[in-house]
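S.K.: For reference, the file protein_14.txt (compact mmCIF, C-alpha atoms and all ligand atoms) is included below:
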```
# COMPACT_ATOMS: atom_id res chain seq x y z
CA MET A 22 -2.63 27.26 4.59
CA GLU A 23 -5.14 24.76 3.31
CA VAL A 24 -7.01 24.80 6.62
CA LEU A 25 -7.32 28.55 6.48
CA PHE A 26 -8.51 28.44 2.92
CA ARG A 27 -11.11 25.79 3.51
CA SER A 28 -12.50 26.90 6.83
CA ARG A 29 -12.92 30.56 6.03
CA ARG A 30 -13.73 30.48 2.40
CA SER A 31 -17.46 30.81 2.93
CA THR A 32 -17.24 33.53 5.56
CA GLY A 33 -16.05 36.45 3.48
CA SER A 34 -14.31 37.30 0.26
CA SER A 35 -11.56 39.30 1.98
CA VAL A 36 -10.17 36.17 3.62
CA ILE A 37 -10.17 34.31 0.33
CA TRP A 38 -8.31 37.20 -1.19
CA VAL A 39 -5.61 37.23 1.51
CA VAL A 40 -5.01 33.50 1.32
CA GLN A 41 -5.09 33.52 -2.45
CA GLU A 42 -2.32 36.06 -2.44
CA ILE A 43 -0.14 33.80 -0.29
CA MET A 44 -0.85 30.98 -2.74
CA ASP A 45 0.19 33.10 -5.70
CA ASP A 46 3.45 33.88 -3.98
CA MET A 47 4.44 30.26 -3.73
CA HIS A 48 7.40 29.23 -5.81
CA SER A 49 9.15 25.97 -6.34
CA ARG A 50 12.88 25.57 -6.87
CA SER A 51 13.19 22.64 -9.24
CA LEU A 52 15.99 20.86 -11.05
CA VAL A 53 15.60 21.15 -14.82
CA MET A 54 17.28 19.04 -17.46
CA ASP A 55 17.12 21.38 -20.46
CA GLU A 56 18.78 18.74 -22.57
CA PRO A 57 20.90 15.72 -21.70
CA GLY A 58 23.94 16.82 -19.70
CA THR A 59 22.54 20.26 -18.85
CA LEU A 60 21.15 20.56 -15.34
CA SER A 61 20.16 23.76 -13.56
CA VAL A 62 17.94 24.84 -10.69
CA ARG A 63 15.06 27.07 -11.78
CA GLU A 64 12.16 28.67 -9.98
CA PHE A 65 8.54 28.09 -11.02
CA ASP A 66 5.22 29.39 -9.78
CA VAL A 67 3.29 26.80 -7.84
CA PRO A 68 -0.07 26.52 -9.62
CA GLU A 69 -3.43 26.65 -7.93
CA VAL A 70 -4.50 23.22 -6.78
CA GLY A 71 -7.51 21.98 -8.74
CA PRO A 72 -10.39 20.05 -7.13
CA ASN A 73 -8.89 16.68 -8.14
CA GLU A 74 -5.28 17.56 -7.45
CA VAL A 75 -2.88 17.32 -4.54
CA LEU A 76 0.19 19.46 -3.88
CA ILE A 77 3.11 17.87 -2.08
CA GLU A 78 6.36 19.23 -0.70
CA VAL A 79 9.09 16.78 -1.63
CA GLU A 80 11.24 15.35 1.14
CA LEU A 81 13.60 13.21 -0.95
CA CYS A 82 14.00 11.81 -4.44
CA GLY A 83 16.29 9.00 -5.57
CA VAL A 84 18.60 9.36 -8.56
CA CYS A 85 17.91 6.26 -10.63
CA GLY A 86 20.12 4.62 -13.26
CA THR A 87 17.44 5.69 -15.71
CA ASP A 88 17.91 9.35 -14.70
CA VAL A 89 21.63 8.96 -15.37
CA HIS A 90 20.91 7.34 -18.70
CA MET A 91 18.55 10.19 -19.58
CA ASN A 92 21.23 12.74 -18.63
CA GLU A 93 23.73 10.94 -20.85
CA GLY A 94 21.42 11.25 -23.85
CA GLY A 95 20.18 7.66 -23.90
CA MET A 96 16.47 8.49 -23.93
CA PRO A 97 14.57 10.18 -26.74
CA LEU A 98 12.42 12.50 -24.60
CA ASP A 99 10.75 15.81 -25.13
CA PHE A 100 13.02 18.13 -23.10
CA PRO A 101 13.16 20.15 -20.85
CA VAL A 102 12.19 17.80 -18.05
CA ILE A 103 12.17 17.98 -14.24
CA PRO A 104 13.76 14.61 -13.44
CA GLY A 105 12.84 12.32 -10.55
CA HIS A 106 10.39 9.43 -10.34
CA GLU A 107 11.38 7.85 -7.00
CA PHE A 108 10.18 10.37 -4.47
CA ALA A 109 8.22 10.95 -1.28
CA GLY A 110 6.86 14.09 0.29
CA ARG A 111 4.19 15.58 2.50
CA ILE A 112 0.78 16.83 1.45
CA VAL A 113 0.58 20.63 1.51
CA GLU A 114 -2.86 21.02 0.01
CA THR A 115 -5.58 18.74 -1.32
CA GLY A 116 -8.24 19.54 -3.88
CA GLU A 117 -11.81 19.38 -2.56
CA ALA A 118 -12.62 16.15 -4.37
CA VAL A 119 -9.60 14.22 -3.09
CA THR A 120 -10.20 12.46 0.22
CA THR A 121 -8.24 9.22 -0.15
CA ASP A 122 -5.14 7.81 -1.80
CA PHE A 123 -5.16 5.16 -4.58
CA ALA A 124 -5.77 2.38 -2.07
CA GLY A 125 -8.73 4.17 -0.45
CA VAL A 126 -6.79 5.28 2.64
CA ALA A 127 -8.01 8.64 4.02
CA ILE A 128 -5.51 11.48 3.61
CA GLU A 129 -5.02 14.92 5.08
CA VAL A 130 -2.56 17.78 4.96
CA GLY A 131 0.81 16.78 6.45
CA ASP A 132 0.53 13.09 5.49
CA ALA A 133 3.58 11.46 3.88
CA VAL A 134 2.92 10.05 0.41
CA THR A 135 4.72 8.56 -2.56
CA VAL A 136 3.56 8.82 -6.15
CA CYS A 137 3.32 6.14 -8.83
CA PRO A 138 5.00 8.05 -11.66
CA GLY A 139 3.30 6.45 -14.67
CA ARG A 140 -0.14 7.77 -15.48
CA ALA A 141 -2.36 6.13 -18.08
CA CYS A 142 -4.81 8.21 -20.14
CA GLY A 143 -7.80 6.02 -19.33
CA GLU A 144 -9.24 6.45 -22.80
CA CYS A 145 -7.11 4.70 -25.41
CA TRP A 146 -7.53 1.14 -26.81
CA TYR A 147 -5.17 -0.34 -24.21
CA CYS A 148 -6.72 1.52 -21.28
CA ASN A 149 -10.13 0.20 -22.33
CA ASN A 150 -9.18 -3.33 -23.39
CA VAL A 151 -6.12 -4.30 -21.33
CA PRO A 152 -6.53 -2.26 -18.12
CA ALA A 153 -4.21 -4.53 -16.11
CA ARG A 154 -1.34 -3.31 -18.28
CA PRO A 155 -1.45 0.49 -17.88
CA THR A 156 2.13 0.70 -19.14
CA ALA A 157 0.82 -0.08 -22.64
CA CYS A 158 -1.28 3.12 -22.70
CA LEU A 159 -0.85 5.05 -25.93
CA ASP A 160 -0.83 8.46 -24.22
CA ARG A 161 1.01 7.72 -20.99
CA THR A 162 2.67 10.55 -19.06
CA VAL A 163 5.35 9.82 -16.48
CA TYR A 164 6.52 11.98 -13.59
CA GLY A 165 10.20 12.74 -14.11
CA PHE A 166 10.11 12.13 -17.88
CA THR A 167 7.46 14.45 -19.27
CA SER A 168 8.27 17.88 -20.71
CA ILE A 169 7.70 20.91 -18.47
CA ASP A 170 6.00 22.50 -21.48
CA ARG A 171 3.10 20.14 -20.92
CA GLU A 172 0.93 21.21 -17.95
CA PRO A 173 1.35 20.82 -15.07
CA THR A 174 4.96 21.92 -14.99
CA LEU A 175 5.80 20.49 -11.56
CA ARG A 176 5.83 16.86 -12.62
CA GLY A 177 9.21 15.59 -11.41
CA GLY A 178 10.52 14.63 -7.97
CA MET A 179 13.70 16.74 -7.93
CA SER A 180 11.69 19.77 -7.01
CA GLU A 181 10.49 21.48 -3.85
CA TYR A 182 6.89 20.94 -4.89
CA VAL A 183 5.11 18.41 -7.09
CA LEU A 184 1.53 18.68 -8.27
CA ILE A 185 -0.24 15.33 -8.30
CA GLU A 186 -2.76 15.37 -11.11
CA GLY A 187 -6.35 14.21 -11.04
CA ASN A 188 -5.95 10.58 -11.98
CA ALA A 189 -2.37 10.11 -10.84
CA ASP A 190 -1.94 7.30 -8.33
CA PHE A 191 -0.39 8.21 -5.02
CA PHE A 192 -0.10 6.22 -1.81
CA ARG A 193 -0.10 7.37 1.81
CA LEU A 194 2.84 5.98 3.76
CA PRO A 195 1.92 4.19 6.99
CA ASP A 196 2.57 6.39 10.05
CA ASP A 197 5.19 4.04 11.46
CA LEU A 198 7.27 4.03 8.26
CA ASP A 199 10.02 6.66 8.03
CA ILE A 200 9.42 8.92 5.02
CA ASP A 201 12.80 7.88 3.52
CA TYR A 202 11.30 4.47 2.74
CA GLY A 203 8.89 6.29 0.43
CA ALA A 204 11.67 6.77 -2.13
CA LEU A 205 12.22 2.99 -2.24
CA VAL A 206 8.63 2.11 -3.04
CA GLU A 207 9.08 2.68 -6.79
CA PRO A 208 12.30 0.66 -7.30
CA LEU A 209 10.92 -2.09 -5.06
CA ALA A 210 7.79 -2.15 -7.25
CA VAL A 211 10.08 -2.70 -10.27
CA ALA A 212 11.98 -5.49 -8.49
CA SER A 213 9.03 -7.32 -6.93
CA TYR A 214 7.04 -7.15 -10.17
CA ALA A 215 10.05 -8.62 -12.02
CA LEU A 216 10.20 -11.65 -9.74
CA GLU A 217 6.43 -12.03 -10.00
CA GLN A 218 6.82 -12.51 -13.77
CA SER A 219 8.30 -15.93 -13.02
CA PHE A 220 5.16 -17.05 -11.15
CA GLN A 221 3.22 -19.65 -13.12
CA SER A 222 -0.25 -18.33 -13.89
CA GLY A 223 -3.31 -20.53 -13.49
CA LEU A 224 -3.23 -23.67 -11.34
CA PRO A 225 0.29 -24.15 -10.02
CA PHE A 226 1.86 -27.54 -10.37
CA ALA A 227 5.07 -28.97 -9.01
CA ARG A 228 8.19 -26.94 -9.73
CA GLU A 229 6.77 -24.98 -12.67
CA GLY A 230 7.54 -21.30 -12.41
CA TYR A 231 8.71 -19.70 -9.17
CA GLY A 232 7.53 -20.81 -5.75
CA PRO A 233 8.61 -21.18 -2.13
CA GLY A 234 11.78 -23.19 -1.62
CA GLN A 235 13.08 -22.54 -5.11
CA SER A 236 16.44 -21.37 -6.36
CA VAL A 237 16.77 -17.83 -7.73
CA ALA A 238 19.82 -16.15 -9.26
CA VAL A 239 19.96 -12.36 -9.62
CA GLN A 240 22.38 -10.82 -12.11
CA GLY A 241 23.49 -7.42 -10.89
CA THR A 242 23.21 -6.07 -7.36
CA GLY A 243 22.47 -2.42 -7.95
CA PRO A 244 19.26 -1.22 -6.24
CA ILE A 245 16.90 -3.21 -8.52
CA GLY A 246 18.97 -6.39 -8.14
CA LEU A 247 19.26 -5.97 -4.37
CA LEU A 248 15.54 -5.37 -4.04
CA THR A 249 14.90 -8.47 -6.19
CA VAL A 250 17.10 -10.42 -3.76
CA ALA A 251 15.00 -8.95 -0.92
CA THR A 252 11.77 -10.03 -2.66
CA ALA A 253 13.12 -13.56 -3.21
CA HIS A 254 14.06 -13.68 0.48
CA ALA A 255 10.62 -12.45 1.53
CA THR A 256 8.81 -14.96 -0.68
CA GLY A 257 10.66 -18.02 0.57
CA ALA A 258 13.37 -18.81 -1.96
CA SER A 259 15.73 -21.41 -0.51
CA GLU A 260 18.75 -20.43 -2.58
CA ILE A 261 19.43 -16.85 -3.64
CA ILE A 262 22.53 -16.46 -5.81
CA ALA A 263 23.71 -12.85 -6.23
CA ILE A 264 25.99 -12.09 -9.18
CA ASP A 265 28.07 -8.90 -9.56
CA MET A 266 31.64 -7.75 -10.10
CA VAL A 267 31.87 -5.47 -7.07
CA GLU A 268 32.60 -7.28 -3.81
CA LYS A 269 31.11 -4.49 -1.67
CA ARG A 270 27.79 -4.91 -3.46
CA LEU A 271 27.86 -8.67 -3.01
CA GLU A 272 28.41 -8.14 0.72
CA LEU A 273 25.32 -5.95 0.88
CA ALA A 274 23.43 -8.57 -1.17
CA ARG A 275 24.17 -11.09 1.62
CA LYS A 276 22.57 -8.69 4.10
CA PHE A 277 19.51 -8.54 1.82
CA GLY A 278 19.15 -12.33 1.85
CA ALA A 279 21.57 -13.72 -0.76
CA THR A 280 22.66 -17.18 0.40
CA ARG A 281 25.55 -17.41 -2.05
CA THR A 282 27.42 -14.96 -4.24
CA VAL A 283 29.32 -15.10 -7.52
CA ASN A 284 31.93 -12.44 -8.32
CA ILE A 285 32.20 -12.18 -12.12
CA ARG A 286 35.87 -11.15 -11.80
CA ASP A 287 36.73 -14.62 -10.49
CA TYR A 288 35.96 -16.21 -13.87
CA ASP A 289 37.91 -16.00 -17.12
CA ASP A 290 35.04 -16.28 -19.58
CA ASP A 291 31.27 -16.62 -19.98
CA GLU A 292 31.50 -20.40 -19.95
CA ALA A 293 33.18 -20.50 -16.54
CA LEU A 294 30.82 -17.89 -15.09
CA ILE A 295 27.69 -19.70 -16.29
CA GLU A 296 29.03 -23.00 -14.95
CA ALA A 297 29.73 -21.38 -11.56
CA VAL A 298 26.17 -20.05 -11.30
CA ARG A 299 24.61 -23.37 -12.36
CA ALA A 300 26.82 -25.18 -9.86
CA LYS A 301 25.29 -23.13 -7.04
CA GLY A 302 21.64 -23.81 -7.97
CA ASN A 303 19.70 -27.02 -7.25
CA ASP A 304 22.82 -29.07 -6.48
CA GLY A 305 24.56 -28.22 -9.73
CA ILE A 306 21.54 -28.44 -12.06
CA GLY A 307 21.05 -24.66 -12.21
CA PRO A 308 18.64 -22.22 -10.56
CA ASP A 309 14.90 -22.35 -11.28
CA VAL A 310 14.73 -18.65 -12.01
CA VAL A 311 17.26 -16.04 -13.15
CA VAL A 312 16.49 -12.31 -13.03
CA GLU A 313 18.63 -10.11 -15.30
CA ALA A 314 19.04 -6.73 -13.54
CA VAL A 315 22.33 -5.54 -15.07
CA GLY A 316 21.07 -3.97 -18.27
CA HIS A 317 24.04 -5.01 -20.40
CA PRO A 318 23.44 -7.23 -23.45
CA SER A 319 26.19 -9.67 -22.35
CA ALA A 320 24.28 -10.26 -19.10
CA PHE A 321 21.20 -11.27 -21.09
CA GLU A 322 23.28 -13.66 -23.20
CA GLN A 323 24.75 -15.22 -20.04
CA GLY A 324 21.45 -15.22 -18.16
CA LEU A 325 19.72 -17.21 -20.88
CA ARG A 326 22.10 -20.09 -20.19
CA MET A 327 21.94 -20.03 -16.39
CA PRO A 328 18.53 -21.55 -15.48
CA ARG A 329 17.94 -25.29 -15.23
CA ASN A 330 16.09 -26.89 -18.15
CA GLY A 331 12.48 -25.72 -18.02
CA GLY A 332 13.52 -22.72 -15.93
CA THR A 333 12.82 -19.02 -16.41
CA LEU A 334 14.80 -15.91 -17.29
CA VAL A 335 13.16 -12.59 -16.37
CA GLU A 336 14.49 -9.57 -18.25
CA VAL A 337 14.13 -6.31 -16.28
CA GLY A 338 17.56 -4.67 -16.63
CA HIS A 339 17.20 -3.32 -20.14
CA PHE A 340 14.64 -0.58 -19.45
CA ALA A 341 16.92 1.73 -21.45
CA ASP A 342 18.38 0.65 -24.77
CA ALA A 343 21.90 -0.71 -24.28
CA GLY A 344 22.24 -2.46 -27.61
CA THR A 345 21.51 -5.91 -29.01
CA ALA A 346 22.34 -9.39 -27.76
CA GLU A 347 23.22 -12.51 -29.69
CA ILE A 348 20.73 -15.30 -29.12
CA ASN A 349 20.63 -18.85 -30.35
CA PRO A 350 16.89 -19.69 -30.40
CA THR A 351 17.66 -23.41 -30.36
CA TRP A 352 19.14 -22.98 -26.89
CA ILE A 353 15.78 -21.62 -25.70
CA VAL A 354 13.83 -24.48 -27.35
CA GLN A 355 16.13 -27.38 -26.46
CA ASN A 356 16.40 -26.27 -22.85
CA ASP A 357 12.77 -25.16 -22.66
CA ILE A 358 13.65 -21.77 -21.19
CA SER A 359 10.81 -19.33 -20.53
CA VAL A 360 11.85 -15.74 -21.20
CA GLU A 361 9.64 -13.20 -19.44
CA SER A 362 9.72 -9.43 -19.79
CA SER A 363 9.08 -7.10 -16.90
CA TYR A 364 8.18 -3.56 -17.91
CA VAL A 365 7.65 -1.31 -14.90
CA TYR A 366 4.46 -2.34 -12.95
CA PRO A 367 0.79 -1.49 -12.50
CA PRO A 368 0.08 1.08 -9.73
CA ALA A 369 -1.19 -1.57 -7.29
CA GLN A 370 2.38 -2.91 -7.14
CA PHE A 371 3.08 0.03 -4.80
CA ARG A 372 0.91 -1.75 -2.20
CA THR A 373 3.16 -4.80 -2.53
CA SER A 374 6.22 -2.59 -2.00
CA LEU A 375 4.75 -0.92 1.07
CA SER A 376 3.85 -4.30 2.59
CA LEU A 377 7.34 -5.65 1.93
CA LEU A 378 8.98 -2.56 3.42
CA GLN A 379 6.76 -2.69 6.49
CA GLY A 380 7.23 -6.41 6.96
CA TYR A 381 10.97 -6.67 6.38
CA ARG A 382 12.49 -3.33 7.41
CA ASP A 383 13.80 -4.84 10.67
CA ASP A 384 15.45 -7.78 8.85
CA LEU A 385 16.81 -6.08 5.73
CA PRO A 386 18.90 -2.87 5.68
CA PHE A 387 16.81 -1.00 3.11
CA LEU A 388 17.93 2.49 4.14
CA GLU A 389 21.62 1.56 3.71
CA LEU A 390 20.97 2.04 -0.01
CA PHE A 391 20.82 5.79 0.56
CA ASP A 392 24.51 6.51 0.97
CA TYR A 393 24.83 9.86 -0.80
CA ARG A 394 22.48 12.67 0.27
CA VAL A 395 22.55 16.17 -1.19
CA ASP A 396 20.25 19.17 -1.49
CA LEU A 397 18.93 20.54 -4.76
CA SER A 398 21.94 22.81 -5.44
CA GLU A 399 24.26 19.78 -5.43
CA ALA A 400 22.00 17.52 -7.46
CA GLU A 401 24.53 17.30 -10.28
CA SER A 402 27.02 15.58 -7.97
CA ALA A 403 24.31 13.05 -7.09
CA PHE A 404 24.00 12.21 -10.79
CA GLU A 405 27.77 11.75 -10.91
CA ALA A 406 27.85 9.55 -7.81
CA GLN A 407 25.15 7.38 -9.35
CA ALA A 408 26.87 7.26 -12.75
CA THR A 409 30.24 6.20 -11.34
CA GLY A 410 28.75 3.65 -8.97
CA ASP A 411 30.11 5.54 -5.96
CA SER A 412 26.68 5.33 -4.38
CA TYR A 413 23.95 2.68 -4.41
CA ARG A 414 21.18 5.23 -4.56
CA ALA A 415 22.03 8.91 -4.34
CA THR A 416 19.16 11.04 -3.06
CA VAL A 417 18.28 14.68 -3.61
CA HIS A 418 16.58 16.44 -0.69
CA PRO A 419 14.85 19.57 -2.00
ZN ZN A 501 13.96 4.28 -11.24
ZN ZN A 502 -4.41 5.06 -22.43
```
Using structure tokens, write down the structure that the file contains.
Ligand SMILES: [Zn+2]
Ligand SMILES: [Zn+2]
M.R.:
Amino acid sequence: MEVLFRSRRSTGSSVIWVVQEIMDDMHSRSLVMDEPGTLSVREFDVPEVGPNEVLIEVELCGVCGTDVHMNEGGMPLDFPVIPGHEFAGRIVETGEAVTTDFAGVAIEVGDAVTVCPGRACGECWYCNNVPARPTACLDRTVYGFTSIDREPTLRGGMSEYVLIEGNADFFRLPDDLDIDYGALVEPLAVASYALEQSFQSGLPFAREGYGPGQSVAVQGTGPIGLLTVATAHATGASEIIAIDMVEKRLELARKFGATRTVNIRDYDDDEALIEAVRAKGNDGIGPDVVVEAVGHPSAFEQGLRMPRNGGTLVEVGHFADAGTAEINPTWIVQNDISVESSYVYPPAQFRTSLSLLQGYRDDLPFLELFDYRVDLSEAESAFEAQATGDSYRATVHP
């Protein structure tokens, strides 16, 4: 359609008219969350693609724990919303001014792409003064979380079509990477960025921060935890301790590179659990780095006491508010624990994800995460499967 439009546009108005009519007839079936707990499939007109925009036809979209949380009323958003921020699709049409993706890779109709959902305004104090932290933008919009009443409507991945706006950051998938991997780029960006928070900035010196050969514990082996295990494996951790209460998940964690596992159910109380984790890191001293990817306040309380003295706890699990934790600040001081936050990622983290997926797809079973696939009409069951833990990462295939 795009080829027709572009190649004949200058040759006669009748052709433009015919093609324009086809464009106007395009509709998108999209999942809409009118309010938490209310999901339905609705049909929308596909808008005309502006010079800086790109239209994609979605192939698949993951149902994230955050989507479940949103559906359960845990996020104060401006509804209705088309959910979905972990998606990949193929380019249907590109605006005249768009010739490359975010990384400068040439694109054309039919290419597989994934979209970095967060979009900074580019104009506020943070965008001007702290550009490396686009998540701090004061007028940030996010695919999958922004009201359909704010143009453009098609701004969520659980939809046949998504319109990529002018300054949204999208990435072309390498030709040799199956399009399904595209839906893992976002969660892997979350996970790899979280582990990167434990890197010591400036000149590295012996055993400060994370580095090759070090000991990493990961609390929680849902998708973010598993992908953190994968990142630790890929970056040369010598010990990777996976912690969860579901044996099946710990088994998968071993396939993703965990060298030892701790099943929470084997321990009577926090004390015993913390001791078990410390016993498995650095010959009983405790791991150098702990990444909290559970999202429950008790996990944060436990995680704070797991690293060796001078070690690091990275908090990534509590993206959504799950309540408060009890902290004894003296523990942090006396044991010299660094506590790092990890809030989403800058768009360039998608390049890191793509490199990790390309480099490790033969070693690590990334696509085994997708164990519950449905089409748009059954999307509600995908939310359920994700909420109950029946699937690692349910996917909707519009
Ligand atoms: Zn997510
Ligand atoms: Zn801004």
S.K.: Report as CSV the residues of chain A within 9 Å of ligand ZN 501 (chain A), each with its shortest atom pair and distance in Å (one decimal), using only C-alpha atoms and all ligand atoms, ordered by chain and increasing residue number.
M.R.:
```
residue,atom,partner,partner_atom,distance
A:Gly83,CA,A:ZN501,ZN,7.7
A:Val84,CA,A:ZN501,ZN,7.4
A:Cys85,CA,A:ZN501,ZN,4.5
A:Gly86,CA,A:ZN501,ZN,6.5
A:Thr87,CA,A:ZN501,ZN,5.8
A:Asp88,CA,A:ZN501,ZN,7.3
A:Gly105,CA,A:ZN501,ZN,8.1
A:His106,CA,A:ZN501,ZN,6.3
A:Glu107,CA,A:ZN501,ZN,6.1
A:Glu207,CA,A:ZN501,ZN,6.8
A:Pro208,CA,A:ZN501,ZN,5.6
A:Val211,CA,A:ZN501,ZN,8.0
A:Ile245,CA,A:ZN501,ZN,8.5
```
S.K.: How close does chain A get to ligand ZN 502 (chain A)? List, as JSON lines, each residue of chain A within 10 Å, its nearest atom pair and the distance in Å to one decimal, counting all atoms listed in the file.
M.R.:
```
{"residue": "A:Arg140", "atom": "CA", "partner": "A:ZN502", "partner_atom": "ZN", "distance": 8.6}
{"residue": "A:Ala141", "atom": "CA", "partner": "A:ZN502", "partner_atom": "ZN", "distance": 4.9}
{"residue": "A:Cys142", "atom": "CA", "partner": "A:ZN502", "partner_atom": "ZN", "distance": 3.9}
{"residue": "A:Gly143", "atom": "CA", "partner": "A:ZN502", "partner_atom": "ZN", "distance": 4.7}
{"residue": "A:Glu144", "atom": "CA", "partner": "A:ZN502", "partner_atom": "ZN", "distance": 5.0}
{"residue": "A:Cys145", "atom": "CA", "partner": "A:ZN502", "partner_atom": "ZN", "distance": 4.0}
{"residue": "A:Trp146", "atom": "CA", "partner": "A:ZN502", "partner_atom": "ZN", "distance": 6.7}
{"residue": "A:Tyr147", "atom": "CA", "partner": "A:ZN502", "partner_atom": "ZN", "distance": 5.7}
{"residue": "A:Cys148", "atom": "CA", "partner": "A:ZN502", "partner_atom": "ZN", "distance": 4.4}
{"residue": "A:Asn149", "atom": "CA", "partner": "A:ZN502", "partner_atom": "ZN", "distance": 7.5}
{"residue": "A:Asn150", "atom": "CA", "partner": "A:ZN502", "partner_atom": "ZN", "distance": 9.7}
{"residue": "A:Val151", "atom": "CA", "partner": "A:ZN502", "partner_atom": "ZN", "distance": 9.6}
{"residue": "A:Pro152", "atom": "CA", "partner": "A:ZN502", "partner_atom": "ZN", "distance": 8.8}
{"residue": "A:Arg154", "atom": "CA", "partner": "A:ZN502", "partner_atom": "ZN", "distance": 9.8}
{"residue": "A:Pro155", "atom": "CA", "partner": "A:ZN502", "partner_atom": "ZN", "distance": 7.1}
{"residue": "A:Thr156", "atom": "CA", "partner": "A:ZN502", "partner_atom": "ZN", "distance": 8.5}
{"residue": "A:Ala157", "atom": "CA", "partner": "A:ZN502", "partner_atom": "ZN", "distance": 7.3}
{"residue": "A:Cys158", "atom": "CA", "partner": "A:ZN502", "partner_atom": "ZN", "distance": 3.7}
{"residue": "A:Leu159", "atom": "CA", "partner": "A:ZN502", "partner_atom": "ZN", "distance": 5.0}
{"residue": "A:Asp160", "atom": "CA", "partner": "A:ZN502", "partner_atom": "ZN", "distance": 5.3}
{"residue": "A:Arg161", "atom": "CA", "partner": "A:ZN502", "partner_atom": "ZN", "distance": 6.2}
{"residue": "A:Thr162", "atom": "CA", "partner": "A:ZN502", "partner_atom": "ZN", "distance": 9.6}
```
S.K.: Write a file of the just-selected residues containing C-alpha atoms, as a PDB file, in the frame of the given file.
M.R.:
```pdb
ATOM      1  CA  ARG A 140      -0.140   7.770 -15.480  1.00  0.00           C
ATOM      2  CA  ALA A 141      -2.360   6.130 -18.080  1.00  0.00           C
ATOM      3  CA  CYS A 142      -4.810   8.210 -20.140  1.00  0.00           C
ATOM      4  CA  GLY A 143      -7.800   6.020 -19.330  1.00  0.00           C
ATOM      5  CA  GLU A 144      -9.240   6.450 -22.800  1.00  0.00           C
ATOM      6  CA  CYS A 145      -7.110   4.700 -25.410  1.00  0.00           C
ATOM      7  CA  TRP A 146      -7.530   1.140 -26.810  1.00  0.00           C
ATOM      8  CA  TYR A 147      -5.170  -0.340 -24.210  1.00  0.00           C
ATOM      9  CA  CYS A 148      -6.720   1.520 -21.280  1.00  0.00           C
ATOM     10  CA  ASN A 149     -10.130   0.200 -22.330  1.00  0.00           C
ATOM     11  CA  ASN A 150      -9.180  -3.330 -23.390  1.00  0.00           C
ATOM     12  CA  VAL A 151      -6.120  -4.300 -21.330  1.00  0.00           C
ATOM     13  CA  PRO A 152      -6.530  -2.260 -18.120  1.00  0.00           C
ATOM     14  CA  ARG A 154      -1.340  -3.310 -18.280  1.00  0.00           C
ATOM     15  CA  PRO A 155      -1.450   0.490 -17.880  1.00  0.00           C
ATOM     16  CA  THR A 156       2.130   0.700 -19.140  1.00  0.00           C
ATOM     17  CA  ALA A 157       0.820  -0.080 -22.640  1.00  0.00           C
ATOM     18  CA  CYS A 158      -1.280   3.120 -22.700  1.00  0.00           C
ATOM     19  CA  LEU A 159      -0.850   5.050 -25.930  1.00  0.00           C
ATOM     20  CA  ASP A 160      -0.830   8.460 -24.220  1.00  0.00           C
ATOM     21  CA  ARG A 161       1.010   7.720 -20.990  1.00  0.00           C
ATOM     22  CA  THR A 162       2.670  10.550 -19.060  1.00  0.00           C
TER      23      THR A 162
END
```
S.K.: Provide the CA of Cys82 (chain A) to CA of Val250 (chain A) distance in Å, to one decimal place.
M.R.: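 Taking CA of Cys82 (chain A) as the start and CA of Val250 (chain A) as the end point, the length is 22.5 Å.
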S.K.: At most 9 Å is the cut-off: for each residue in region 202-298 of chain A with any atom that close to an atom of region 323-344 of chain A, write down the nearest atom pair and the distance in Å rounded to one decimal, counting all atoms listed in the file, chain first then increasing number, as a tab-separated table.
M.R.:
```
residue	atom	partner	partner_atom	distance
A:Val211	CA	A:Val337	CA	8.1
A:Ala212	CA	A:Val337	CA	8.1
A:Ala215	CA	A:Val337	CA	6.3
A:Leu216	CA	A:Val335	CA	7.3
A:Gln218	CA	A:Val335	CA	6.9
A:Ser219	CA	A:Thr333	CA	6.4
A:Glu229	CA	A:Gly332	CA	7.8
A:Gly230	CA	A:Thr333	CA	7.0
A:Tyr231	CA	A:Thr333	CA	8.4
A:Val237	CA	A:Pro328	CA	8.8
A:Ala238	CA	A:Pro328	CA	8.3
A:Gln240	CA	A:Gly324	CA	7.5
A:Gly241	CA	A:Gly338	CA	8.7
A:Ile245	CA	A:Gly338	CA	8.3
A:Gly246	CA	A:Gly338	CA	8.8
A:Asp291	CA	A:Gln323	CA	6.7
A:Glu292	CA	A:Gln323	CA	8.5
A:Leu294	CA	A:Gln323	CA	8.3
A:Ile295	CA	A:Met327	CA	5.8
A:Glu296	CA	A:Met327	CA	7.8
A:Val298	CA	A:Met327	CA	6.6
```
S.K.: Tell me, in Å to one decimal, how far CA of Val113 (chain A) is from CA of Val417 (chain A).
M.R.: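 Here the two named atoms are 19.4 Å from each other.
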S.K.: Work out how far apart CA of Ile262 (chain A) and CA of Ala406 (chain A) are and give it in Å to one decimal.
M.R.: 26.6 Å
S.K.: Name the closest residue to Glu181 (chain A) among the candidates A:Gly131, A:Gly110, A:Pro101, A:Gly232; distances are taken between atoms, counting all atoms listed in the file.
M.R.: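 Residue with the minimum atom-to-atom distance to Glu181 (chain A): A:Gly110.
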S.K.: Which residues, written as an MDAnalysis selection string, have at least one atom at most 6 Å from Ala258 (chain A), with only C-alpha atoms counted and residues fewer than 6 positions away on the same chain left out?
M.R.: chainID A and resid 233:236
S.K.: At a cut-off of 12 Å, using all atoms listed in the file, what residues contact Asp384 (chain A)? Leave out same-chain residues fewer than 6 positions from it and give the result as a list in words.
M.R.: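 The filter keeps Ala251, His254, Ala255, Arg275, Lys276, Phe277, Gly278, Leu377 and Leu378 of chain A.
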S.K.: Determine the nearest neighbour of Cys137 (chain A) from the options A:Val239, A:Ala297, A:Met179, A:Val365, counting all atoms listed in the file.
M.R.: A:Val365
